[in-house]
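Step one of this worksheet: look at the structure below.
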Amino acid sequence: MQNFVFQNPTKILFGKGQIARLNDEIPTQARVLVTYGGGSVKRNGTLAEVRAALAGRTVFEFGGVEPNPTYETLMRAVDLARKESVDFLLAVGGGSVVDGTKFISAAVPFVGEPWDIVAKKGMIEQVVPFGVVLTLPATGSEMNPAAVITRKASRDKLGFINRMVYPRFSILDPVKTYTLPPRQVANGVIDAFVHVIEQYLTFPAGAAVQDRFAEGLLLTLIEEGPKALVSPQDYDVRANIMWCATLALNGLISAGVPQDWTTHMIGHELTVLYGLDHAQTLAIVLPATLTVLREAKRAKLLQYASRIWGIATTDEDAAINEAIARTRGFFESLGVPTRLAAYGVSAAGIPTVVEQLRRHGLLALGERQAVTLEVSERILALCA
């Protein structure tokens, strides 16, 4: 197990009725900008609850943050925040709204071109503090310092990580997930699942505790994910999925272990080029990644086969094949296809994806930096 430091400053307020706690968490004199997405928070009453909890404060609202939030849209929010001297932000929505709000938080006081925060890892010296009311468990952005932003004009989807953009607090009320469409529920489960895999399915590092944490999250997602589609208003199911998604990417299971992220990097390019949902790209790319990298990941794949899927056989290759097939089958059982062809994307587009990876300098991916462009191309070929 590697040396590590684990520190997470985000306060979590979990459970029913926690939105009312906003009154305790945001200063009464604050000038607040509430950010949200496409309007579901209006329809399901969440925004009304937020407004009530913020009564007495000066509040502005900015809607329309997209899935895969764009720089172009977020800069309009930055302009509004600067114009109105906003000193607190509140993201109300899923991971895309939270990611976008992290960018706004850093961009408002940033001196220079804000895109440099993402593209050039520009120095963040000051941020506008922000909190989160989460309505879609998936990305774990509510308890980490990472964000991924898309710039439509240049077809870039890039991430940044900075400890200054940890949320001050995040409110997680599972009831707010009851009305999510099945597609978003399935996407959230897959997103959390692959987050865990990226930190778990690498090579043995003597990290028994981290392995068991990760396996517990995977097993819970496998058990509870399908239930959420069948019984959308089961509080315990929703609560377990919500907490899994947060723990999957808050730094706990990655402490002291190697990490991969090949699937995510390739998936980002598929999203920006073809408009696929982030989780759809993960469902497509992960089985292919595991297949191509099966030798490098052999020991952990066998552990995964045994502990997660209960595959008992002395034939190691058969066990690995079955584990990968079960993974693909799990994604498909949630209604998410795992081939590019299912989304109308042909193999003819693979060179374009590879060129995007080259352009973004993604030439040595994976836990051993052994996933070259040629290896990425082999992975993409299996995604067709």
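Residue names in the structure tokens use chain letters A, B, ... in the order shown, residue numbers from 1 in each chain, and ligand numbers from 1 in the order shown.
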
Within 12 Å of Glu355 of chain A using only C-alpha atoms, minus same-chain residues under 2 positions, as a list in words: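 Once the nearby chain positions are removed, what remains is Ile266, Glu269, Leu270, Leu273, Gly349, Ile350, Pro351, Thr352, Val353, Leu357, Arg358, Arg359, His360, Gly361, Leu362, Leu363, Leu373, Glu374, Ser376 and Glu377 of chain A.
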
Please provide the set of residues having any atom within 12 Å of segment 209-214 of chain A, restricted to only C-alpha atoms, with same-chain residues fewer than 4 positions apart removed, written as a PyMOL selection string. chain A and resi 1-2+192-205+218-221+244-245+247-249+251-258+300+303-304+307-308

Given the choices A:Glu142, A:Asp79, A:Asp236, A:Asp24, which gets closest to Ser96 of chain A if the distance is worked out from only C-alpha atoms? A:Glu142

Do you know which residues are at most 12 Å from segment 340-346 of chain A counting only C-alpha atoms, after dropping those on the same chain fewer than 2 positions away, and could you put them as an MDAnalysis selection string? chainID A and resid 267 270:271 273:277 280:285 288 332 335:338 348:353 379:384

Rounded to one decimal place, report the atom CA of Lys157 of chain A-atom CA of His278 of chain A distance in Å.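 Separation between atom CA of Lys157 of chain A and atom CA of His278 of chain A: 11.0 Å.
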
Do a neighbour search on Val189 of chain A at 9 Å with only C-alpha atoms, toss out local chain neighbours closer than 6 positions, and write the hits as JSON, numbers by chain. {"A": [137, 138, 221, 222, 224, 225, 241, 244, 245, 279, 334]}

Selection to disk with all heavy atoms, as an mmCIF file, in the first residue's frame:
data_model
loop_
_atom_site.group_PDB
_atom_site.id
_atom_site.type_symbol
_atom_site.label_atom_id
_atom_site.label_comp_id
_atom_site.auth_asym_id
_atom_site.auth_seq_id
_atom_site.Cartn_x
_atom_site.Cartn_y
_atom_site.Cartn_z
ATOM 1 N N PRO A 137 -27.526 11.198 -8.045
ATOM 2 C CA PRO A 137 -26.284 10.556 -7.602
ATOM 3 C C PRO A 137 -25.600 9.856 -8.775
ATOM 4 O O PRO A 137 -26.201 9.045 -9.458
ATOM 5 C CB PRO A 137 -26.773 9.549 -6.560
ATOM 6 C CG PRO A 137 -28.182 9.233 -6.951
ATOM 7 C CD PRO A 137 -28.727 10.475 -7.604
ATOM 8 N N ALA A 138 -24.336 10.192 -9.003
ATOM 9 C CA ALA A 138 -23.616 9.597 -10.127
ATOM 10 C C ALA A 138 -22.134 9.899 -10.050
ATOM 11 O O ALA A 138 -21.310 9.015 -9.899
ATOM 12 C CB ALA A 138 -24.187 10.087 -11.460
ATOM 13 N N LEU A 221 -24.051 -1.606 -5.508
ATOM 14 C CA LEU A 221 -24.590 -1.073 -6.768
ATOM 15 C C LEU A 221 -25.231 -2.173 -7.599
ATOM 16 O O LEU A 221 -26.287 -1.963 -8.217
ATOM 17 C CB LEU A 221 -23.478 -0.374 -7.556
ATOM 18 C CG LEU A 221 -22.984 0.944 -6.954
ATOM 19 C CD1 LEU A 221 -21.670 1.367 -7.584
ATOM 20 C CD2 LEU A 221 -24.031 2.042 -7.110
ATOM 21 N N ILE A 222 -24.621 -3.339 -7.628
ATOM 22 C CA ILE A 222 -25.191 -4.466 -8.385
ATOM 23 C C ILE A 222 -26.529 -4.894 -7.789
ATOM 24 O O ILE A 222 -27.478 -5.212 -8.509
ATOM 25 C CB ILE A 222 -24.199 -5.646 -8.405
ATOM 26 C CG1 ILE A 222 -22.987 -5.299 -9.279
ATOM 27 C CG2 ILE A 222 -24.866 -6.921 -8.916
ATOM 28 C CD1 ILE A 222 -21.825 -6.258 -9.128
ATOM 29 N N GLU A 224 -28.572 -2.992 -5.648
ATOM 30 C CA GLU A 224 -29.570 -1.931 -5.502
ATOM 31 C C GLU A 224 -29.931 -1.247 -6.814
ATOM 32 O O GLU A 224 -31.038 -0.719 -6.948
ATOM 33 C CB GLU A 224 -29.055 -0.865 -4.514
ATOM 34 C CG GLU A 224 -28.701 -1.384 -3.133
ATOM 35 C CD GLU A 224 -29.910 -1.898 -2.387
ATOM 36 O OE1 GLU A 224 -30.807 -1.104 -2.084
ATOM 37 O OE2 GLU A 224 -29.949 -3.113 -2.110
ATOM 38 N N GLY A 225 -29.011 -1.213 -7.771
ATOM 39 C CA GLY A 225 -29.276 -0.532 -9.036
ATOM 40 C C GLY A 225 -30.549 -0.990 -9.725
ATOM 41 O O GLY A 225 -31.432 -0.168 -10.039
ATOM 42 N N ILE A 241 -27.813 3.903 -2.986
ATOM 43 C CA ILE A 241 -27.188 4.283 -4.254
ATOM 44 C C ILE A 241 -26.557 5.665 -4.147
ATOM 45 O O ILE A 241 -25.438 5.898 -4.607
ATOM 46 C CB ILE A 241 -28.223 4.239 -5.399
ATOM 47 C CG1 ILE A 241 -28.621 2.787 -5.686
ATOM 48 C CG2 ILE A 241 -27.677 4.904 -6.659
ATOM 49 C CD1 ILE A 241 -29.737 2.658 -6.696
ATOM 50 N N CYS A 244 -23.366 5.400 -2.154
ATOM 51 C CA CYS A 244 -22.362 4.700 -2.957
ATOM 52 C C CYS A 244 -21.697 5.651 -3.946
ATOM 53 O O CYS A 244 -20.470 5.654 -4.098
ATOM 54 C CB CYS A 244 -23.007 3.561 -3.754
ATOM 55 S SG CYS A 244 -23.062 1.975 -2.917
ATOM 56 N N ALA A 245 -22.506 6.435 -4.643
ATOM 57 C CA ALA A 245 -21.965 7.340 -5.656
ATOM 58 C C ALA A 245 -21.024 8.365 -5.031
ATOM 59 O O ALA A 245 -20.005 8.727 -5.626
ATOM 60 C CB ALA A 245 -23.103 8.039 -6.398
ATOM 61 N N ALA A 279 -22.139 8.222 -18.985
ATOM 62 C CA ALA A 279 -22.223 6.838 -18.511
ATOM 63 C C ALA A 279 -22.374 5.853 -19.670
ATOM 64 O O ALA A 279 -21.901 4.709 -19.573
ATOM 65 C CB ALA A 279 -23.379 6.680 -17.530
ATOM 66 N N LEU A 334 -29.492 -2.804 -17.119
ATOM 67 C CA LEU A 334 -30.002 -1.494 -16.706
ATOM 68 C C LEU A 334 -30.541 -0.702 -17.893
ATOM 69 O O LEU A 334 -30.977 0.447 -17.737
ATOM 70 C CB LEU A 334 -28.889 -0.699 -16.019
ATOM 71 C CG LEU A 334 -28.340 -1.299 -14.707
ATOM 72 C CD1 LEU A 334 -27.136 -0.503 -14.227
ATOM 73 C CD2 LEU A 334 -29.414 -1.339 -13.632
#

Please provide the set of residues having any atom within 7 Å of segment 124-132 of chain A, restricted to only C-alpha atoms, with same-chain residues fewer than 4 positions apart removed, written as an NGL selection string. :A and (87-92 or 98 or 105-106 or 109-110 or 142 or 164 or 167-171)

Give me every strand (DSSP E or B) residue in segment 140-341 of chain A, going by DSSP on the backbone, as a list in words.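 Result set for segment 140-341 of chain A (strand (DSSP E or B)): Ala146, Ala147, Val148, Ile149, Thr150, Arg151, Asp156, Lys157, Leu158, Gly159, Phe160, Ile161, Phe169, Ser170, Ile171 and Leu172 of chain A.
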
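Residue nearest Val272 of chain A, chosen from A:Thr58, A:Lys121, A:Gln356, A:Ser40 and counting only C-alpha atoms: A:Gln356.
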
Leaving out Leu301 of chain A and any residue of its chain fewer than 4 positions from it, which residues lie within 10 Å of it when counting only C-alpha atoms, given as a PyMOL selection string? chain A and resi 200-203+290+293-297+305-307+316-317+319-321+323-324
